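To keep things clear, I will list the structure first and then write my remarks on it.
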Amino acid sequence: MVIPVLLALSLLWTAQAGASQGTAAKPAAAVDQVALLVRAIEKAAAAGDGTAIRALAADESAASDLASALTVPAPSRIVIHERDRTELATGRQRLLLEVFWERGLEGRLGTWVVDVATGAGAARIAAATRVTHVTGLYRLALDGAKQYDVRDLTVEAPDLALHLKSGSAFVAETPEGVTAIVLLGSGTMRFSPQLPAERTQVKIFSNSEVLDAPFDAVFMRLRPEDFAEKFPAAALVPREVSPRDLQRATQVFDDYVGRTLQINLSDLSPDRWSITPQPGDLIAEVRTRNLGSLTYTRSRNDAEDITLFDRRRRRNISVYASPQKLATRGRFYSEDDLVDYDVLAYELDVIITPDRETIQGNARMKVKVRAAATTTLNLRLQEDLVVSGVYSPDFGRLLHLRVVNQNALIVSLPEALPHGSELWLSILYSGPMPAQDLDREAINIEQDPQETVVLPPEPRYLYSNRGYWYPQSVVTDYATARVSVSVPEQYDVIATGRPAGPPGPAPGVTGEGERPRRRFVFESDRPVRYLACVVSRLRDVASRRMQTGEPAGGVQLQVQANPRQVARARNTTDRAVEIFEFYASLVGAAPYPSFTLGFTERETPGGHSPAYFAVVDQPQQSGLSWRNDPVNFDSYPQFFMAHELAHQWWGQAVGWKNYHEQWLSEGFAQYFATLYAERKLAPGVLNTVLRRMRETAIDDSDKGPIYLGYRLGHIQADARIFRSIVYNKSAMVLHMLRRSIGDEAFFAGVRTFYTDWQYRKAGTDDLMKVMEKASKRDLSEFFDAWIFGERIPTVRFSHRTDGPALVLRLEQIGAPMPVPIGVRLQYESGKTETVIVQAHGRITEHAVQLREPLRSAVANADFGALVTIVR
Ligand SMILES: [Zn+2]
């Protein structure tokens, strides 16, 4: 995870120049003249000579704005790059210039539209208009002339206190004041979140619910106007600079300054330029003595405004909303709330060379402004990918910036676009792009030394939601798409969307020594959360039409497999069809009109299911001990596939509002796979599945509640904990919900939930509302206990006969929770029946009329409840 840091670019906009709609200029003799003119402007600007710039214009006034912007005050360095050139109808050339102006610590970035007249003689400036202007960039450096003695300093932020009794401080300033400070000396850090789930995570990290750590250095970034409040003058006393202290402080500063709030300006400046935190925001990098570097961030605009990050192991320890934040947004939130725009459609064209781990792309995306108005679009794109240009048909070439360590791409618009505006962007990019793993591959493998892998698995390259292989929103965002992927001819491609015909030769790929390529095209006419593709050697195995309620004509299934997996894939096709059709019957529809199932190879099983397709890795060897994994069910070998197929409905068609809500996706996928076992497999299978789910969920329940999402097991780097809770406990909770409200209400609720939330992101509260309506019951206690709480109830079970009745007694030890428990009654005749008792409150008694003599009564014999039964 990248720690969330808000950008604090202060963007000022001036009048917008008309969009350049001309045709591309032909390289002619005039080209040199124009380039010479640009060099002349740059040279005059570097000399601070505004008069010389004005003299380059056809008439004095044409370049006066340009001249004063570039030379008042005079820069210490200036770089002007021509980014775009078009020929206007008038015969003039229209240039787009990016200008980076530096003076001392300060940098300014601007784009200018400059019209150039190229008649007889030299090229002249005919008009010049500033389009964008970015200020507030600083090349920060410690002030070597200032040192302070620290006297009993305590820096406080929500749930954080940094105390330094005595030590030294050095600062870095902008003209507005101090924005960075280095503290040296032996101090203490205390981090004490209030929320129980967060305290559990802090305890997992530091062995104590309150983190107390000695430190020897702190680097802090804040807004200059917040400095005096955090650092009272009495605590910082100026003194003479000690060169040794300055050297130590400089080391700390250099170590941390580049890690956050840094802009990479690529060819405009080799330096890293800093931006300033937002008012009230704070980043504290604390070099602790025994826990490595910990980063505390307060970021007021984020839905969860407080984070603590372990730099050494790149883990989020805490991520949560402060009480002030909760007061403004309530308990639930959608990650969409803070995004200024919505992506409506993609047209993605990529060339992938998997063996070299490179990608080259042209992404066109249609965005619609959600905010009241916006002047920038924050996108995500893998950090190593180089953006060669961002264009819009309306505005021409747009200024873009990369933020260091954030996979961020910021696109500046030349004017504020009001709410509802739509805009196409075209982004050209290329660079290294490693493939990602399938889900659930972080299985701890202890390989039997006797067993060696004879055949290496067929290479398979996945590009999906864990790497930003195409420009996208900072949140998952439903959009339609057209994806075209060109790969070397020996490979095949499965990607998001319905295949639009067989692959064809890839046009225009004729690099030096390039092998021929094939181009695969896919169309998604229904919205998808993200785009994905798999590149591998694949064979066609089967093609079927599956029966579903919606879409009316059914869903077209294509089965493909690595060459060695063809036979297995063929044998599994009927099963896949049966599972898919079963799910459609439960929900009444299938979300996407086509589905491709790919069988690939790996040492351990795993799967991934983006919209329109799924890939399932078949384990090549059976001797690997992934058997202990929480999601391995020996008696149900198709469980993985069944889980992945269910993701078409849960996780893809119905998304989740933020990471806390991932249980809706994994829990439903896991539970649908369980329902398939219940309805279609041998009677004992359901029991073994529930038994294993219950056992693993209970074992790991003290690691945190379901609502913690990916953070379960994150600090420990143990994905099994995540699977035990987010997969298995969630599925068990859905099973218990069903047993609490009955099959009729539960399945009606599932259908409504699916229909209401198709192609949208849902939250726990949305599911609760639907289920409350379907069952006409208040379920808040149930959801509070099972989704937000981590406790597993302990119940003392006993029974007694009372005349003709059998009284089942359930006594909860500890705070009671709502839990439906199946009690299996076995009669003397050998007949058995299971009675569901809704344990609620401390003691629940439930009477059953006995029709024949009872032999035994066993609570939770079917493992259907997450409960520990004691006598
Ligand atoms: Zn899953």
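Residues in the structure tokens are named by chain (A, B, ... in the order shown) and by number from 1 within that chain; ligands are numbered from 1 in the order shown.
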Exercise for the section: Give the residue list for ligand 1 at 12 Å, counting only C-alpha atoms and all ligand atoms, as an MDAnalysis selection string, sorted by chain and then by residue number. Expected result: chainID A and resid 438:441 606:610 614:616 631 639:652 662:673 722:723 726:728 730:731
Keeping only C-alpha atoms, write the selected residues as a PDB file, in the first residue's frame.
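File written: result.pdb
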```pdb
ATOM      1  CA  LEU A 438      -3.126 -14.631  -9.077  1.00  0.00           C
ATOM      2  CA  ASP A 439      -5.038 -14.272  -5.841  1.00  0.00           C
ATOM      3  CA  ARG A 440      -4.368 -16.642  -3.006  1.00  0.00           C
ATOM      4  CA  GLU A 441      -0.888 -17.538  -4.063  1.00  0.00           C
ATOM      5  CA  GLY A 606      -5.044 -19.940  -7.217  1.00  0.00           C
ATOM      6  CA  GLY A 607      -7.455 -17.985  -9.288  1.00  0.00           C
ATOM      7  CA  HIS A 608      -8.430 -14.551 -10.450  1.00  0.00           C
ATOM      8  CA  SER A 609     -11.767 -13.430 -11.738  1.00  0.00           C
ATOM      9  CA  PRO A 610     -12.082  -9.988 -13.318  1.00  0.00           C
ATOM     10  CA  ALA A 614     -11.518 -16.082 -14.855  1.00  0.00           C
ATOM     11  CA  VAL A 615      -8.199 -17.879 -14.793  1.00  0.00           C
ATOM     12  CA  VAL A 616      -7.688 -20.825 -12.537  1.00  0.00           C
ATOM     13  CA  VAL A 631      -9.282 -22.395   1.649  1.00  0.00           C
ATOM     14  CA  PHE A 639     -13.900 -25.189  -4.809  1.00  0.00           C
ATOM     15  CA  PHE A 640     -11.395 -22.721  -6.257  1.00  0.00           C
ATOM     16  CA  MET A 641     -13.125 -22.624  -9.578  1.00  0.00           C
ATOM     17  CA  ALA A 642     -16.536 -22.327  -7.946  1.00  0.00           C
ATOM     18  CA  HIS A 643     -15.266 -19.407  -5.863  1.00  0.00           C
ATOM     19  CA  GLU A 644     -13.808 -17.647  -8.917  1.00  0.00           C
ATOM     20  CA  LEU A 645     -16.957 -18.115 -10.996  1.00  0.00           C
ATOM     21  CA  ALA A 646     -19.033 -16.531  -8.230  1.00  0.00           C
ATOM     22  CA  HIS A 647     -16.867 -13.408  -8.442  1.00  0.00           C
ATOM     23  CA  GLN A 648     -18.572 -12.511 -11.728  1.00  0.00           C
ATOM     24  CA  TRP A 649     -21.597 -11.651  -9.581  1.00  0.00           C
ATOM     25  CA  TRP A 650     -19.852 -10.737  -6.317  1.00  0.00           C
ATOM     26  CA  GLY A 651     -16.860  -8.469  -6.555  1.00  0.00           C
ATOM     27  CA  GLN A 652     -17.314  -7.648 -10.244  1.00  0.00           C
ATOM     28  CA  GLN A 662     -14.295  -6.568   0.572  1.00  0.00           C
ATOM     29  CA  TRP A 663     -16.017  -9.239   2.630  1.00  0.00           C
ATOM     30  CA  LEU A 664     -19.110  -8.701   0.486  1.00  0.00           C
ATOM     31  CA  SER A 665     -17.128  -9.932  -2.499  1.00  0.00           C
ATOM     32  CA  GLU A 666     -15.111 -12.738  -0.902  1.00  0.00           C
ATOM     33  CA  GLY A 667     -17.821 -13.804   1.529  1.00  0.00           C
ATOM     34  CA  PHE A 668     -20.476 -14.152  -1.149  1.00  0.00           C
ATOM     35  CA  ALA A 669     -18.049 -15.881  -3.552  1.00  0.00           C
ATOM     36  CA  GLN A 670     -17.111 -18.314  -0.813  1.00  0.00           C
ATOM     37  CA  TYR A 671     -20.710 -18.821   0.254  1.00  0.00           C
ATOM     38  CA  PHE A 672     -21.978 -19.369  -3.279  1.00  0.00           C
ATOM     39  CA  ALA A 673     -19.314 -22.056  -3.714  1.00  0.00           C
ATOM     40  CA  PHE A 722      -7.042 -12.816   5.576  1.00  0.00           C
ATOM     41  CA  ARG A 723      -8.541 -15.929   4.034  1.00  0.00           C
ATOM     42  CA  VAL A 726     -12.510 -12.328   4.979  1.00  0.00           C
ATOM     43  CA  TYR A 727     -13.294 -15.536   3.084  1.00  0.00           C
ATOM     44  CA  ASN A 728     -14.333 -18.115   5.642  1.00  0.00           C
ATOM     45  CA  SER A 730     -17.684 -13.964   6.060  1.00  0.00           C
ATOM     46  CA  ALA A 731     -19.190 -17.043   4.407  1.00  0.00           C
TER      47      ALA A 731
END
```
Practice task
Find the spatial neighbours of A:Val487, counting only C-alpha atoms, within a cut-off of 7 Å - ignore same-chain residues fewer than 2 positions away - and output them as a list in words.
Solution key: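 Near neighbours after the sequence-gap exclusion: Ile351, Ile352, Thr353, Val485, Glu489, Tyr491, Arg517, Arg518 and Arg519 of chain A.
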Completion exercise
Using only C-alpha atoms, the best pick from A:Asp862, A:Ser798, A:Gly588, A:Thr696 as closest to A:Gly822 would be A:Asp862
Exercise for the section: Could you pull out the residues in stretch 467-662 of chain A that DSSP calls strand (DSSP E or B) from the backbone, as a PyMOL selection string? Expected result: chain A and resi 472-473+479-488+492-495+498-499+504-505+517-528+533-536+539-546+555-561+594-602+606-608+613-619+650+654-656
Exercise for the section: Mind checking which residues fall within 9 Å of A:Val566, counting only C-alpha atoms, ignoring those fewer than 2 positions away in the same chain, and posting them as a list in words? Expected result: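 Contacts, in chain order: Leu538, Arg539, Asp540, Val541, Gln560, Ala561, Asn562, Pro563, Arg564, Arg568, Ala569, Arg570, Asn571 and Phe599 of chain A.
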Requested write-out: N, CA, C and O atoms of the selected residues, as a CSV table (one decimal), in the first residue's frame:
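again-v9.csv, freshly written:
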```csv
chain,number,residue,atom,x,y,z
A,538,LEU,N,-2.3,-20.6,-25.1
A,538,LEU,CA,-3.6,-21.2,-24.8
A,538,LEU,C,-4.2,-21.9,-26.0
A,538,LEU,O,-3.9,-21.5,-27.1
A,539,ARG,N,-4.9,-23.0,-25.7
A,539,ARG,CA,-5.6,-23.7,-26.7
A,539,ARG,C,-7.1,-23.6,-26.5
A,539,ARG,O,-7.6,-23.5,-25.3
A,540,ASP,N,-7.9,-23.5,-27.5
A,540,ASP,CA,-9.4,-23.6,-27.4
A,540,ASP,C,-9.8,-24.9,-27.0
A,540,ASP,O,-9.4,-25.9,-27.6
A,541,VAL,N,-10.6,-25.0,-25.9
A,541,VAL,CA,-11.1,-26.3,-25.4
A,541,VAL,C,-12.5,-26.6,-25.7
A,541,VAL,O,-12.9,-27.6,-26.1
A,560,GLN,N,-10.5,-22.1,-22.4
A,560,GLN,CA,-9.1,-22.2,-23.0
A,560,GLN,C,-8.2,-22.7,-21.9
A,560,GLN,O,-8.4,-22.6,-20.7
A,561,ALA,N,-7.1,-23.3,-22.4
A,561,ALA,CA,-6.2,-23.9,-21.4
A,561,ALA,C,-4.8,-23.9,-22.0
A,561,ALA,O,-4.6,-23.9,-23.2
A,562,ASN,N,-3.8,-24.0,-21.1
A,562,ASN,CA,-2.4,-24.2,-21.5
A,562,ASN,C,-2.4,-25.6,-22.1
A,562,ASN,O,-3.2,-26.5,-21.7
A,563,PRO,N,-1.5,-25.8,-23.0
A,563,PRO,CA,-1.5,-27.1,-23.8
A,563,PRO,C,-1.6,-28.3,-22.8
A,563,PRO,O,-2.3,-29.3,-23.1
A,564,ARG,N,-0.8,-28.3,-21.8
A,564,ARG,CA,-0.8,-29.5,-20.9
A,564,ARG,C,-2.1,-29.6,-20.1
A,564,ARG,O,-2.3,-30.6,-19.4
A,568,ARG,N,-7.6,-31.8,-18.8
A,568,ARG,CA,-8.3,-31.5,-17.5
A,568,ARG,C,-9.4,-30.4,-17.7
A,568,ARG,O,-10.4,-30.5,-17.1
A,569,ALA,N,-9.1,-29.5,-18.5
A,569,ALA,CA,-10.1,-28.4,-18.8
A,569,ALA,C,-11.3,-29.0,-19.4
A,569,ALA,O,-12.4,-28.6,-19.1
A,570,ARG,N,-11.1,-29.9,-20.4
A,570,ARG,CA,-12.2,-30.5,-21.1
A,570,ARG,C,-13.1,-31.3,-20.0
A,570,ARG,O,-14.3,-31.2,-20.0
A,571,ASN,N,-12.5,-32.0,-19.1
A,571,ASN,CA,-13.2,-32.7,-18.1
A,571,ASN,C,-13.9,-31.8,-17.1
A,571,ASN,O,-14.8,-32.3,-16.4
A,599,PHE,N,-7.6,-22.1,-18.1
A,599,PHE,CA,-6.9,-23.0,-17.1
A,599,PHE,C,-5.4,-22.9,-17.4
A,599,PHE,O,-4.9,-23.2,-18.4
```
Show which residues sit within 9 Å of A:Gly864, as a PDB file with N, CA, C and O atoms, in the first residue's frame. Count only C-alpha atoms, and ignore same-chain residues fewer than 3 positions away.
```
ATOM      1  N   ASN A 687     -20.775 -30.419   4.993  1.00  0.00           N
ATOM      2  CA  ASN A 687     -20.332 -30.518   6.375  1.00  0.00           C
ATOM      3  C   ASN A 687     -18.837 -30.306   6.536  1.00  0.00           C
ATOM      4  O   ASN A 687     -18.392 -29.603   7.436  1.00  0.00           O
ATOM      5  N   LEU A 690     -18.061 -26.540   5.909  1.00  0.00           N
ATOM      6  CA  LEU A 690     -18.422 -25.684   7.050  1.00  0.00           C
ATOM      7  C   LEU A 690     -17.494 -25.931   8.238  1.00  0.00           C
ATOM      8  O   LEU A 690     -17.090 -24.993   8.931  1.00  0.00           O
ATOM      9  N   ARG A 691     -17.141 -27.177   8.424  1.00  0.00           N
ATOM     10  CA  ARG A 691     -16.279 -27.516   9.544  1.00  0.00           C
ATOM     11  C   ARG A 691     -14.933 -26.798   9.438  1.00  0.00           C
ATOM     12  O   ARG A 691     -14.432 -26.222  10.397  1.00  0.00           O
ATOM     13  N   ARG A 694     -15.373 -22.994   9.825  1.00  0.00           N
ATOM     14  CA  ARG A 694     -15.592 -22.634  11.222  1.00  0.00           C
ATOM     15  C   ARG A 694     -14.287 -22.678  11.995  1.00  0.00           C
ATOM     16  O   ARG A 694     -13.936 -21.738  12.721  1.00  0.00           O
ATOM     17  N   MET A 732     -19.394 -17.890   6.673  1.00  0.00           N
ATOM     18  CA  MET A 732     -20.124 -18.425   7.825  1.00  0.00           C
ATOM     19  C   MET A 732     -21.152 -17.410   8.337  1.00  0.00           C
ATOM     20  O   MET A 732     -22.242 -17.783   8.768  1.00  0.00           O
ATOM     21  N   HIS A 735     -24.059 -17.592   6.179  1.00  0.00           N
ATOM     22  CA  HIS A 735     -24.798 -18.820   6.507  1.00  0.00           C
ATOM     23  C   HIS A 735     -25.641 -18.611   7.771  1.00  0.00           C
ATOM     24  O   HIS A 735     -26.804 -18.993   7.835  1.00  0.00           O
ATOM     25  N   MET A 736     -25.067 -17.958   8.752  1.00  0.00           N
ATOM     26  CA  MET A 736     -25.804 -17.705  10.003  1.00  0.00           C
ATOM     27  C   MET A 736     -26.924 -16.693   9.782  1.00  0.00           C
ATOM     28  O   MET A 736     -27.995 -16.810  10.381  1.00  0.00           O
ATOM     29  N   ARG A 739     -29.708 -18.574   8.396  1.00  0.00           N
ATOM     30  CA  ARG A 739     -30.377 -19.361   9.426  1.00  0.00           C
ATOM     31  C   ARG A 739     -31.133 -18.485  10.423  1.00  0.00           C
ATOM     32  O   ARG A 739     -32.024 -18.962  11.116  1.00  0.00           O
ATOM     33  N   PRO A 820     -27.524 -18.181  15.536  1.00  0.00           N
ATOM     34  CA  PRO A 820     -28.421 -19.321  15.346  1.00  0.00           C
ATOM     35  C   PRO A 820     -27.607 -20.614  15.427  1.00  0.00           C
ATOM     36  O   PRO A 820     -26.591 -20.752  14.743  1.00  0.00           O
ATOM     37  N   ILE A 821     -28.045 -21.540  16.261  1.00  0.00           N
ATOM     38  CA  ILE A 821     -27.276 -22.769  16.463  1.00  0.00           C
ATOM     39  C   ILE A 821     -28.155 -23.968  16.115  1.00  0.00           C
ATOM     40  O   ILE A 821     -29.278 -24.100  16.610  1.00  0.00           O
ATOM     41  N   GLY A 822     -27.624 -24.823  15.278  1.00  0.00           N
ATOM     42  CA  GLY A 822     -28.336 -26.052  14.927  1.00  0.00           C
ATOM     43  C   GLY A 822     -28.093 -27.105  16.001  1.00  0.00           C
ATOM     44  O   GLY A 822     -26.950 -27.356  16.367  1.00  0.00           O
ATOM     45  N   ASN A 860     -24.552 -27.680  17.462  1.00  0.00           N
ATOM     46  CA  ASN A 860     -23.614 -27.311  16.386  1.00  0.00           C
ATOM     47  C   ASN A 860     -22.909 -28.518  15.767  1.00  0.00           C
ATOM     48  O   ASN A 860     -21.767 -28.407  15.323  1.00  0.00           O
ATOM     49  N   ALA A 861     -23.611 -29.648  15.713  1.00  0.00           N
ATOM     50  CA  ALA A 861     -23.019 -30.840  15.109  1.00  0.00           C
ATOM     51  C   ALA A 861     -22.786 -30.636  13.617  1.00  0.00           C
ATOM     52  O   ALA A 861     -21.934 -31.285  13.014  1.00  0.00           O
ATOM     53  N   VAL A 867     -19.306 -20.717  16.840  1.00  0.00           N
ATOM     54  CA  VAL A 867     -19.545 -20.715  18.272  1.00  0.00           C
ATOM     55  C   VAL A 867     -18.697 -21.817  18.882  1.00  0.00           C
ATOM     56  O   VAL A 867     -18.387 -22.813  18.222  1.00  0.00           O
TER      57      VAL A 867
END
```
Exercise for the section: Measuring atom to atom with only C-alpha atoms, identify which of A:Glu578, A:Glu811, A:Glu601, A:Glu156 is nearest to A:Met189. Expected result: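 The shortest atom-to-atom distance to A:Met189 comes from A:Glu156.
One finds atom CA of A:Ile579 at 27.3 Å from atom CA of A:Pro502.
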Handout entry: A:Ala745 environment, 9 Å, only C-alpha atoms, sequence neighbours closer than 2 positions dropped, as number ranges by chain
Key = A: 738, 741-743, 747-750, 771, 773-776
Written selection (all heavy atoms) as a short mmCIF file (atom, residue, chain, number, x, y, z; two decimals), in the first residue's frame:
```cif
data_model
loop_
_atom_site.label_atom_id
_atom_site.label_comp_id
_atom_site.auth_asym_id
_atom_site.auth_seq_id
_atom_site.Cartn_x
_atom_site.Cartn_y
_atom_site.Cartn_z
N ARG A 738 -28.58 -16.39 7.04
CA ARG A 738 -29.64 -17.19 6.40
C ARG A 738 -30.42 -18.00 7.45
O ARG A 738 -31.64 -18.05 7.43
CB ARG A 738 -28.97 -18.13 5.39
CG ARG A 738 -29.90 -19.13 4.73
CD ARG A 738 -29.07 -20.04 3.85
NE ARG A 738 -29.78 -21.26 3.49
CZ ARG A 738 -29.18 -22.34 3.01
NH1 ARG A 738 -27.87 -22.38 2.84
NH2 ARG A 738 -29.89 -23.41 2.69
N ILE A 741 -32.77 -15.59 9.49
CA ILE A 741 -33.97 -14.99 8.90
C ILE A 741 -34.74 -15.97 8.02
O ILE A 741 -35.84 -15.66 7.56
CB ILE A 741 -33.62 -13.70 8.09
CG1 ILE A 741 -32.73 -14.02 6.88
CG2 ILE A 741 -32.95 -12.67 8.99
CD1 ILE A 741 -32.42 -12.81 6.01
N GLY A 742 -34.18 -17.15 7.78
CA GLY A 742 -34.89 -18.15 6.99
C GLY A 742 -34.52 -18.08 5.52
O GLY A 742 -34.13 -17.02 5.01
N ASP A 743 -34.65 -19.21 4.84
CA ASP A 743 -34.24 -19.31 3.43
C ASP A 743 -34.99 -18.33 2.54
O ASP A 743 -34.40 -17.70 1.66
CB ASP A 743 -34.47 -20.74 2.90
CG ASP A 743 -33.32 -21.65 3.30
OD1 ASP A 743 -32.53 -21.26 4.18
OD2 ASP A 743 -33.23 -22.76 2.74
N PHE A 747 -32.79 -15.62 0.49
CA PHE A 747 -32.56 -15.68 -0.95
C PHE A 747 -33.28 -14.55 -1.71
O PHE A 747 -32.78 -14.07 -2.73
CB PHE A 747 -32.89 -17.07 -1.50
CG PHE A 747 -31.86 -18.09 -1.10
CD1 PHE A 747 -32.11 -19.03 -0.11
CD2 PHE A 747 -30.59 -18.07 -1.68
CE1 PHE A 747 -31.15 -19.95 0.28
CE2 PHE A 747 -29.61 -18.98 -1.29
CZ PHE A 747 -29.89 -19.93 -0.30
N ALA A 748 -34.42 -14.13 -1.17
CA ALA A 748 -35.07 -12.95 -1.76
C ALA A 748 -34.16 -11.74 -1.59
O ALA A 748 -33.98 -10.93 -2.49
CB ALA A 748 -36.43 -12.71 -1.11
N GLY A 749 -33.56 -11.63 -0.39
CA GLY A 749 -32.63 -10.53 -0.11
C GLY A 749 -31.42 -10.57 -1.03
O GLY A 749 -30.98 -9.55 -1.54
N VAL A 750 -30.87 -11.76 -1.25
CA VAL A 750 -29.70 -11.89 -2.14
C VAL A 750 -30.05 -11.40 -3.54
O VAL A 750 -29.28 -10.66 -4.16
CB VAL A 750 -29.23 -13.37 -2.18
CG1 VAL A 750 -28.24 -13.58 -3.32
CG2 VAL A 750 -28.60 -13.76 -0.85
N MET A 771 -31.54 -6.89 3.63
CA MET A 771 -31.91 -8.07 4.40
C MET A 771 -32.96 -7.73 5.48
O MET A 771 -33.81 -8.55 5.79
CB MET A 771 -30.67 -8.71 5.04
CG MET A 771 -29.76 -9.37 4.01
SD MET A 771 -30.60 -10.77 3.19
CE MET A 771 -29.36 -11.28 2.01
N LYS A 773 -35.25 -5.49 5.14
CA LYS A 773 -36.51 -5.34 4.42
C LYS A 773 -37.08 -6.71 4.07
O LYS A 773 -38.29 -6.96 4.23
CB LYS A 773 -36.27 -4.51 3.15
CG LYS A 773 -37.50 -3.76 2.71
CD LYS A 773 -37.21 -2.77 1.61
CE LYS A 773 -38.53 -2.34 0.97
NZ LYS A 773 -38.34 -1.87 -0.39
N ALA A 774 -36.21 -7.60 3.61
CA ALA A 774 -36.67 -8.93 3.20
C ALA A 774 -37.19 -9.74 4.40
O ALA A 774 -38.11 -10.54 4.26
CB ALA A 774 -35.54 -9.68 2.50
N SER A 775 -36.59 -9.51 5.57
CA SER A 775 -36.96 -10.33 6.73
C SER A 775 -37.88 -9.59 7.69
O SER A 775 -38.36 -10.17 8.66
CB SER A 775 -35.70 -10.75 7.49
OG SER A 775 -35.04 -9.60 8.00
N LYS A 776 -38.07 -8.29 7.43
CA LYS A 776 -38.84 -7.44 8.33
C LYS A 776 -38.29 -7.53 9.77
O LYS A 776 -39.03 -7.63 10.73
CB LYS A 776 -40.33 -7.81 8.31
CG LYS A 776 -40.93 -7.72 6.92
CD LYS A 776 -42.44 -7.95 6.94
CE LYS A 776 -43.04 -7.78 5.57
NZ LYS A 776 -42.53 -8.83 4.61
#
```
Exercise for the section: Please indicate the distance in Å from atom CA of A:Val367 to atom CA of A:Asp342, rounded to one decimal place. Expected result: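 About the pair atom CA of A:Val367 and atom CA of A:Asp342: they are 5.5 Å apart.
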Problem - Surrounding residues of stretch 544-552 of chain A excluding itself and chain neighbours under 4 positions, 10 Å, only C-alpha atoms, as a PyMOL selection string - result: chain A and resi 556-559+573-574+576-578+580-595
Practice task
Please identify all polymer residues within 6 Å of stretch 407-411 of chain A, counting only C-alpha atoms, omitting same-chain residues fewer than 2 positions from it, and present them as a PyMOL selection string.
Solution key: chain A and resi 376-383+399-403
Problem - Pick from A:Leu282, A:Ala117, A:Ile263, A:Ser780 nearest to A:Ala180, counting only C-alpha atoms - result: A:Leu282
Practice task
Give me every alpha helix (DSSP H) residue in stretch 694-789 of chain A, going by DSSP on the backbone, as number ranges by chain.
Solution key: A: 694-699, 719-722, 730-741, 743-757, 764-775, 780-783
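When only C-alpha atoms are used to compute distances to A:Ser856, the closest of the residues A:Thr844, A:Thr132, A:Ser524, A:Gln826 turns out to be A:Gln826.
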Exercise for the section: Using atom CA of A:Arg289 and atom CA of A:Phe191 as the two end points, give the distance in Å to one decimal. Expected result: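 Pair atom CA of A:Arg289 / atom CA of A:Phe191 returns 15.1 Å.
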Completion exercise
A:Gly814 proximity check over A:Leu66, A:Ala249, A:Arg842, A:Leu385, using only C-alpha atoms: winner is A:Arg842
Fill in the blank from the handout: Using only C-alpha atoms, the best pick from A:Pro705, A:Val114, A:Asp784, A:Tyr463 as closest to A:Leu88 would be A:Val114
